[in-house]
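Text of start36.cif (mmCIF, C-alpha atoms and all ligand atoms) as supplied:
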data_upload
#
loop_
_atom_site.label_atom_id
_atom_site.label_comp_id
_atom_site.auth_asym_id
_atom_site.auth_seq_id
_atom_site.Cartn_x
_atom_site.Cartn_y
_atom_site.Cartn_z
CA MET Y 877 -139.62 -18.81 -6.20
CA LEU Y 878 -136.96 -16.11 -6.23
CA LEU Y 879 -133.34 -16.30 -7.38
CA ARG Y 880 -130.77 -13.91 -5.92
CA ASP Y 881 -127.00 -13.58 -6.21
CA VAL Y 882 -124.93 -15.51 -3.68
CA GLY Y 883 -123.59 -13.19 -0.97
CA PRO Y 884 -121.17 -13.26 1.96
CA GLY Y 885 -124.00 -14.40 4.28
CA ASP Y 886 -124.46 -17.73 2.47
CA VAL Y 887 -121.76 -19.69 4.32
CA ALA Y 888 -124.26 -21.83 6.25
CA ALA Y 889 -126.11 -22.83 3.07
CA TYR Y 890 -122.82 -23.68 1.33
CA VAL Y 891 -121.75 -25.82 4.30
CA ARG Y 892 -125.04 -27.73 4.11
CA MET Y 893 -124.68 -28.23 0.36
CA ARG Y 894 -120.97 -28.98 0.05
CA CYS Y 895 -119.82 -30.50 3.34
CA ASP Y 896 -122.58 -33.07 3.66
CA PRO Y 897 -121.91 -36.68 2.62
CA VAL Y 898 -125.44 -37.25 1.27
CA MET Y 899 -125.54 -34.00 -0.75
CA MET Y 900 -122.08 -34.76 -2.15
CA ALA Y 901 -122.58 -38.50 -2.74
CA GLU Y 902 -122.58 -38.03 -6.53
CA LEU Y 903 -119.78 -35.46 -6.43
CA GLY Y 904 -117.04 -37.48 -4.76
CA GLY Y 905 -117.94 -36.92 -1.12
CA PRO Y 906 -118.03 -33.90 1.19
CA LEU Y 907 -115.61 -31.02 0.79
CA PRO Y 908 -113.55 -29.86 3.80
CA ARG Y 909 -115.32 -27.27 5.96
CA ARG Y 910 -112.26 -25.00 6.15
CA GLY Y 911 -112.37 -23.83 2.51
CA ILE Y 912 -116.00 -22.72 2.49
CA GLU Y 913 -115.65 -19.07 3.58
CA ASP Y 914 -113.13 -18.52 0.78
CA LYS Y 915 -115.35 -20.27 -1.76
CA VAL Y 916 -118.37 -18.13 -0.75
CA ARG Y 917 -116.25 -14.97 -0.94
CA ARG Y 918 -114.96 -15.87 -4.42
CA ASP Y 919 -118.42 -16.84 -5.68
CA ALA Y 920 -120.02 -13.67 -4.25
CA ALA Y 921 -117.34 -11.53 -5.95
CA GLU Y 922 -117.86 -13.33 -9.28
CA ALA Y 923 -121.63 -12.96 -9.02
CA ALA Y 924 -121.37 -9.26 -8.12
CA ALA Y 925 -118.98 -8.66 -11.03
CA GLY Y 926 -121.31 -10.56 -13.39
CA THR Y 927 -118.51 -12.93 -14.44
CA SER Y 928 -120.67 -15.91 -13.42
CA LEU Y 929 -124.35 -16.34 -12.63
CA ILE Y 930 -124.40 -17.84 -9.11
CA LYS Y 931 -127.93 -17.82 -7.76
CA MET Y 932 -129.38 -18.88 -4.43
CA ILE Y 933 -132.86 -20.40 -4.65
CA ILE Y 934 -135.40 -18.76 -2.31
CA PRO Y 935 -138.54 -20.91 -2.47
CA ASP Y 936 -140.84 -18.38 -0.79
CA PRO Y 937 -140.13 -14.66 -1.33
CA ALA Y 938 -142.04 -13.98 1.92
CA GLU Y 939 -139.27 -15.87 3.77
CA PRO Y 940 -136.10 -14.58 2.15
CA ALA Y 941 -133.84 -16.17 4.79
CA VAL Y 942 -134.85 -19.69 3.74
CA VAL Y 943 -132.53 -21.05 1.03
CA ALA Y 944 -133.44 -24.21 -0.93
CA GLY Y 945 -130.23 -24.57 -2.92
CA SER Y 946 -128.24 -22.93 -5.68
CA VAL Y 947 -127.64 -22.88 -9.41
CA ALA Y 948 -124.38 -21.69 -10.95
CA LEU Y 949 -123.51 -20.89 -14.56
CA TRP Y 950 -119.90 -20.13 -15.30
CA SER Y 951 -117.49 -20.08 -18.17
CA HIS Y 952 -114.17 -21.89 -18.15
CA ASP Y 953 -111.52 -23.29 -20.39
CA GLY Y 954 -112.71 -26.73 -21.49
CA THR Y 955 -110.45 -28.72 -23.76
CA GLY Y 956 -108.74 -25.69 -25.21
CA THR Y 957 -111.97 -23.76 -25.87
CA GLU Y 958 -114.15 -21.59 -23.65
CA LEU Y 959 -117.15 -23.54 -22.36
CA SER Y 960 -120.26 -22.47 -20.42
CA GLU Y 961 -121.20 -24.96 -17.69
CA ILE Y 962 -124.15 -25.12 -15.31
CA GLY Y 963 -124.43 -26.94 -11.97
CA TRP Y 964 -127.07 -27.19 -9.26
CA MET Y 965 -127.84 -28.34 -5.73
CA VAL Y 966 -131.15 -28.58 -3.87
CA LEU Y 967 -131.23 -29.26 -0.12
CA PRO Y 968 -132.93 -32.52 0.96
CA GLU Y 969 -136.12 -31.00 2.39
CA PHE Y 970 -136.82 -29.29 -0.97
CA GLN Y 971 -135.90 -32.16 -3.30
CA GLY Y 972 -138.42 -33.94 -5.51
CA GLN Y 973 -140.77 -30.93 -5.70
CA GLY Y 974 -139.67 -29.42 -9.01
CA VAL Y 975 -137.49 -26.77 -7.30
CA GLY Y 976 -134.31 -27.79 -9.14
CA LYS Y 977 -136.03 -27.91 -12.49
CA ARG Y 978 -137.67 -24.47 -12.10
CA ALA Y 979 -134.46 -22.85 -10.84
CA VAL Y 980 -132.29 -24.32 -13.63
CA ARG Y 981 -134.83 -23.23 -16.21
CA ALA Y 982 -134.90 -19.71 -14.72
CA VAL Y 983 -131.09 -19.42 -14.90
CA LEU Y 984 -131.11 -20.67 -18.50
CA GLU Y 985 -133.73 -18.00 -19.28
CA LEU Y 986 -131.35 -15.39 -17.81
CA ALA Y 987 -128.56 -16.85 -19.97
CA ARG Y 988 -130.79 -16.65 -23.03
CA ASP Y 989 -131.70 -13.02 -22.28
CA GLU Y 990 -128.05 -12.06 -21.69
CA ASP Y 991 -127.11 -13.76 -24.96
CA ARG Y 992 -123.45 -14.15 -24.01
CA TRP Y 993 -123.24 -17.76 -22.85
CA GLY Y 994 -123.85 -19.67 -26.07
CA VAL Y 995 -124.39 -23.40 -25.68
CA VAL Y 996 -124.51 -24.45 -22.01
CA HIS Y 997 -123.08 -27.80 -20.88
CA ALA Y 998 -123.79 -29.99 -17.82
CA PHE Y 999 -121.84 -33.00 -16.56
CA PRO Y 1000 -123.75 -34.96 -13.89
CA ALA Y 1001 -122.35 -38.33 -12.85
CA VAL Y 1002 -123.91 -41.11 -14.93
CA THR Y 1003 -125.31 -42.54 -11.67
CA ASN Y 1004 -127.00 -39.24 -10.64
CA ALA Y 1005 -130.60 -40.14 -11.57
CA PRO Y 1006 -132.29 -36.87 -10.47
CA SER Y 1007 -129.72 -34.65 -12.23
CA ASN Y 1008 -129.91 -36.65 -15.46
CA ALA Y 1009 -133.72 -36.54 -15.28
CA LEU Y 1010 -133.58 -32.79 -14.67
CA CYS Y 1011 -131.41 -32.28 -17.78
CA ARG Y 1012 -133.75 -34.31 -19.95
CA SER Y 1013 -136.80 -32.55 -18.54
CA VAL Y 1014 -135.48 -29.00 -19.10
CA GLY Y 1015 -134.56 -29.69 -22.73
CA PHE Y 1016 -130.85 -30.58 -22.66
CA ARG Y 1017 -129.61 -33.01 -25.29
CA LEU Y 1018 -127.29 -35.90 -24.47
CA ALA Y 1019 -123.94 -35.85 -26.26
CA GLY Y 1020 -122.55 -38.99 -24.62
CA GLU Y 1021 -120.41 -39.96 -21.64
CA VAL Y 1022 -117.09 -38.36 -20.66
CA GLU Y 1023 -114.59 -38.47 -17.81
CA THR Y 1024 -114.90 -35.18 -15.86
CA LEU Y 1025 -112.60 -33.73 -13.20
CA PHE Y 1026 -114.36 -32.18 -10.17
CA ALA Y 1027 -112.59 -31.05 -6.99
CA GLY Y 1028 -109.53 -33.09 -7.92
CA ARG Y 1029 -111.44 -36.30 -8.67
CA THR Y 1030 -112.41 -37.91 -11.97
CA PHE Y 1031 -115.98 -39.09 -12.63
CA ARG Y 1032 -117.82 -40.90 -15.38
CA THR Y 1033 -120.38 -38.25 -16.36
CA SER Y 1034 -123.18 -37.72 -18.85
CA HIS Y 1035 -122.42 -34.82 -21.16
CA TRP Y 1036 -125.58 -32.77 -21.71
CA PHE Y 1037 -125.86 -29.54 -23.70
CA ILE Y 1038 -128.53 -26.97 -24.41
CA ASP Y 1039 -128.77 -23.77 -26.41
CA PRO Y 1040 -131.01 -21.61 -24.19
CA ARG Y 1041 -131.86 -19.41 -27.19
CA THR Y 1042 -133.58 -22.27 -29.03
CA ASP Y 1043 -133.85 -25.43 -26.91
CA LEU Y 1044 -135.67 -24.53 -23.67
CA SER Y 1045 -138.67 -26.85 -23.38
C1 LIG L 1 -130.13 -33.20 -8.47
C2 LIG L 1 -131.03 -32.27 -7.68
C3 LIG L 1 -130.56 -30.84 -7.85
C4 LIG L 1 -132.47 -32.37 -8.24
O1 LIG L 1 -133.27 -31.33 -7.69
P1 LIG L 1 -134.80 -31.54 -7.33
O2 LIG L 1 -135.38 -30.22 -7.00
O3 LIG L 1 -134.93 -32.62 -6.33
O4 LIG L 1 -135.36 -32.06 -8.75
P2 LIG L 1 -136.81 -31.80 -9.34
O5 LIG L 1 -137.83 -32.11 -8.30
O6 LIG L 1 -136.84 -30.48 -10.01
O7 LIG L 1 -136.88 -32.96 -10.43
C5 LIG L 1 -136.18 -32.88 -11.65
C6 LIG L 1 -136.43 -34.15 -12.46
O8 LIG L 1 -135.78 -35.24 -11.79
C7 LIG L 1 -136.72 -36.25 -11.48
N1 LIG L 1 -136.30 -36.80 -10.19
C8 LIG L 1 -136.29 -36.19 -8.99
N2 LIG L 1 -135.78 -37.00 -8.05
C9 LIG L 1 -135.46 -38.16 -8.69
C10 LIG L 1 -134.89 -39.38 -8.26
N3 LIG L 1 -134.54 -39.58 -6.98
N4 LIG L 1 -134.68 -40.35 -9.18
C11 LIG L 1 -135.02 -40.18 -10.48
N5 LIG L 1 -135.56 -39.01 -10.95
C12 LIG L 1 -135.78 -38.03 -10.05
C13 LIG L 1 -138.06 -35.55 -11.42
O9 LIG L 1 -139.12 -36.44 -11.67
C14 LIG L 1 -137.90 -34.52 -12.53
O10 LIG L 1 -138.10 -35.09 -13.81
P3 LIG L 1 -139.50 -34.87 -14.62
O11 LIG L 1 -139.61 -33.39 -14.86
O12 LIG L 1 -139.27 -35.65 -15.87
O13 LIG L 1 -140.58 -35.41 -13.74
C15 LIG L 1 -131.05 -32.66 -6.18
O14 LIG L 1 -131.48 -33.99 -6.06
C16 LIG L 1 -129.68 -32.52 -5.51
O15 LIG L 1 -129.28 -31.42 -5.18
N6 LIG L 1 -128.98 -33.62 -5.26
C17 LIG L 1 -127.70 -33.60 -4.54
C18 LIG L 1 -126.62 -32.77 -5.16
C19 LIG L 1 -126.34 -33.09 -6.61
O16 LIG L 1 -126.28 -34.25 -6.99
N7 LIG L 1 -126.17 -32.02 -7.41
C20 LIG L 1 -126.02 -32.12 -8.83
C21 LIG L 1 -124.63 -32.40 -9.25
S1 LIG L 1 -124.59 -32.58 -11.04
#

Translate the structure of the given file into structure tokens.
Amino acid sequence: MLLRDVGPGDVAAYVRMRCDPVMMAELGGPLPRRGIEDKVRRDAAEAAAGTSLIKMIIPDPAEPAVVAGSVALWSHDGTGTELSEIGWMVLPEFQGQGVGKRAVRAVLELARDEDRWGVVHAFPAVTNAPSNALCRSVGFRLAGEVETLFAGRTFRTSHWFIDPRTDLS
């Protein structure tokens, strides 16, 4: 598996991940197609600048055009304090094969090596069984349940956290 920065050519992969009702079932439903080019442009700029880690998952380095999903680690203002958050998506044909787990672990290893992200948080919906299993499996600890805002909608989410410098299992 290879991870590379998101780039301007990743619009089709973003459309598959974010505009699909099945992929977005645990994230409030599909996003409108029209905003995707802008989102890819913004993410590619953030990744190039190093502000966020936004990685596309390439399952087979011999076929670099085939994308399995993405993992993003970014920093934002939580409840008054800066918070590092990680999120992930794996396309249906690659799910259930350990791809998500390996990619999330690899991004957390990058975060550990950069040593600038501190504790990393994740907020999957409480009903998102694979994402909650992934968190547990990688070494996140469960803080509890919280209401989380995503794309203008509020969800009941599990609040997981991990310190990549000490907690990676
Ligand atoms: C969540 C998602 C990224 C998981 O990726 P994946 O590559 O299929 O997951 P993996 O194969 O690495 O499995 C990770 C863990 O989840 C478990 N798992 C996988 N699918 C599962 C399912 N349907 N139900 C319960 N557990 C599941 C695996 O057994 C593994 O746990 P283990 O290490 O204890 O065995 C993927 O299903 C996805 O993209 N879903 C749609 C989008 C989404 O919900 N994104 C996350 C928003 S928070």

Determine, using all atoms listed in the file, which residues of chain Y have any atom at most 10 Å from an atom of ligand LIG 1 (chain L), and tabulate each with its shortest atom pair and distance in Å to one decimal place, rows ordered by chain and then rising number, as CSV.
residue,atom,partner,partner_atom,distance
Y:Met893,CA,L:LIG1,C18,7.4
Y:Arg894,CA,L:LIG1,C18,8.6
Y:Asp896,CA,L:LIG1,C17,9.7
Y:Pro897,CA,L:LIG1,C17,9.7
Y:Val898,CA,L:LIG1,C17,7.2
Y:Met899,CA,L:LIG1,C17,4.4
Y:Met900,CA,L:LIG1,C18,5.8
Y:Ala901,CA,L:LIG1,O16,7.1
Y:Glu902,CA,L:LIG1,O16,5.3
Y:Leu903,CA,L:LIG1,C21,6.4
Y:Ala944,CA,L:LIG1,O2,8.8
Y:Gly945,CA,L:LIG1,O15,7.3
Y:Ser946,CA,L:LIG1,C3,8.5
Y:Val947,CA,L:LIG1,C3,8.6
Y:Ile962,CA,L:LIG1,S1,8.6
Y:Gly963,CA,L:LIG1,S1,5.7
Y:Trp964,CA,L:LIG1,C20,5.1
Y:Met965,CA,L:LIG1,O15,3.4
Y:Val966,CA,L:LIG1,O15,3.6
Y:Leu967,CA,L:LIG1,O15,5.8
Y:Pro968,CA,L:LIG1,O15,7.2
Y:Glu969,CA,L:LIG1,O3,8.9
Y:Phe970,CA,L:LIG1,O2,6.3
Y:Gln971,CA,L:LIG1,O3,3.2
Y:Gly972,CA,L:LIG1,O5,3.4
Y:Gln973,CA,L:LIG1,O5,4.1
Y:Gly974,CA,L:LIG1,O6,3.2
Y:Val975,CA,L:LIG1,O2,4.1
Y:Gly976,CA,L:LIG1,O2,3.4
Y:Lys977,CA,L:LIG1,O6,3.7
Y:Arg978,CA,L:LIG1,O6,6.4
Y:Ala979,CA,L:LIG1,O6,8.0
Y:Val980,CA,L:LIG1,O6,8.5
Y:Arg981,CA,L:LIG1,O6,9.7
Y:Ala998,CA,L:LIG1,S1,7.3
Y:Phe999,CA,L:LIG1,S1,6.2
Y:Pro1000,CA,L:LIG1,S1,3.8
Y:Ala1001,CA,L:LIG1,S1,6.4
Y:Val1002,CA,L:LIG1,S1,9.4
Y:Thr1003,CA,L:LIG1,O16,9.6
Y:Asn1004,CA,L:LIG1,O16,6.2
Y:Ala1005,CA,L:LIG1,C11,4.6
Y:Pro1006,CA,L:LIG1,C12,3.7
Y:Ser1007,CA,L:LIG1,C1,4.1
Y:Asn1008,CA,L:LIG1,O8,7.1
Y:Ala1009,CA,L:LIG1,O8,4.3
Y:Leu1010,CA,L:LIG1,C6,3.9
Y:Cys1011,CA,L:LIG1,C6,7.5
Y:Arg1012,CA,L:LIG1,O12,7.0
Y:Ser1013,CA,L:LIG1,O11,4.7
Y:Val1014,CA,L:LIG1,O11,7.4
Y:Thr1033,CA,L:LIG1,S1,8.8
Y:Ser1034,CA,L:LIG1,S1,9.5

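Counting from atom CA of Leu878 of chain Y, the distance to atom CA of Asp936 of chain Y is 7.1 Å.
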
Subject >> Non-local contacts of Pro940 of chain Y (12 Å; all atoms listed in the file; under 3 positions in same chain excluded) as a VMD selection string >> reply: chain Y and resid 877 to 880 932 to 937 943 to 944

Subject >> 10 Å contact set for segment 954-959 of chain Y, all atoms listed in the file, chain neighbours under 3 positions out, as a PyMOL selection string >> reply: chain Y and resi 950-951+993-997

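We find atom CA of Thr1024 of chain Y and atom CA of Arg909 of chain Y to be spaced 23.2 Å apart.
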
Subject >> Spatial neighbours of Gly883 of chain Y, 8 Å, only C-alpha atoms, chain gap at least 4 places, as number ranges by chain >> reply: Y: 916-917, 919-920

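Across the model, the gap from atom CA of Ala923 of chain Y to atom CA of Val887 of chain Y is 14.9 Å.
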
Can you sort out the box for segment 935-953 of chain Y, edges along x, y and z, all listed atoms in, 8 Å on every side, with centre and edge lengths in Å to one decimal, as lines of an AutoDock Vina configuration file?
center_x = -126.8
center_y = -19.3
center_z = -7.8
size_x = 46.5
size_y = 26.6
size_z = 41.2

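When the distance limit is 6 Å and all atoms listed in the file are what count, the residues near Phe1016 of chain Y, minus those fewer than 5 positions from it on the same chain, are Cys1011, Trp1036, Phe1037 and Ile1038 of chain Y.
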
Original post:
Nearest to Ala941 of chain Y among Y:Glu913, Y:Glu1021, Y:Asp886, Y:Asp881, with distances taken over all atoms listed in the file: which residue is it?
Top reply: Y:Asp886
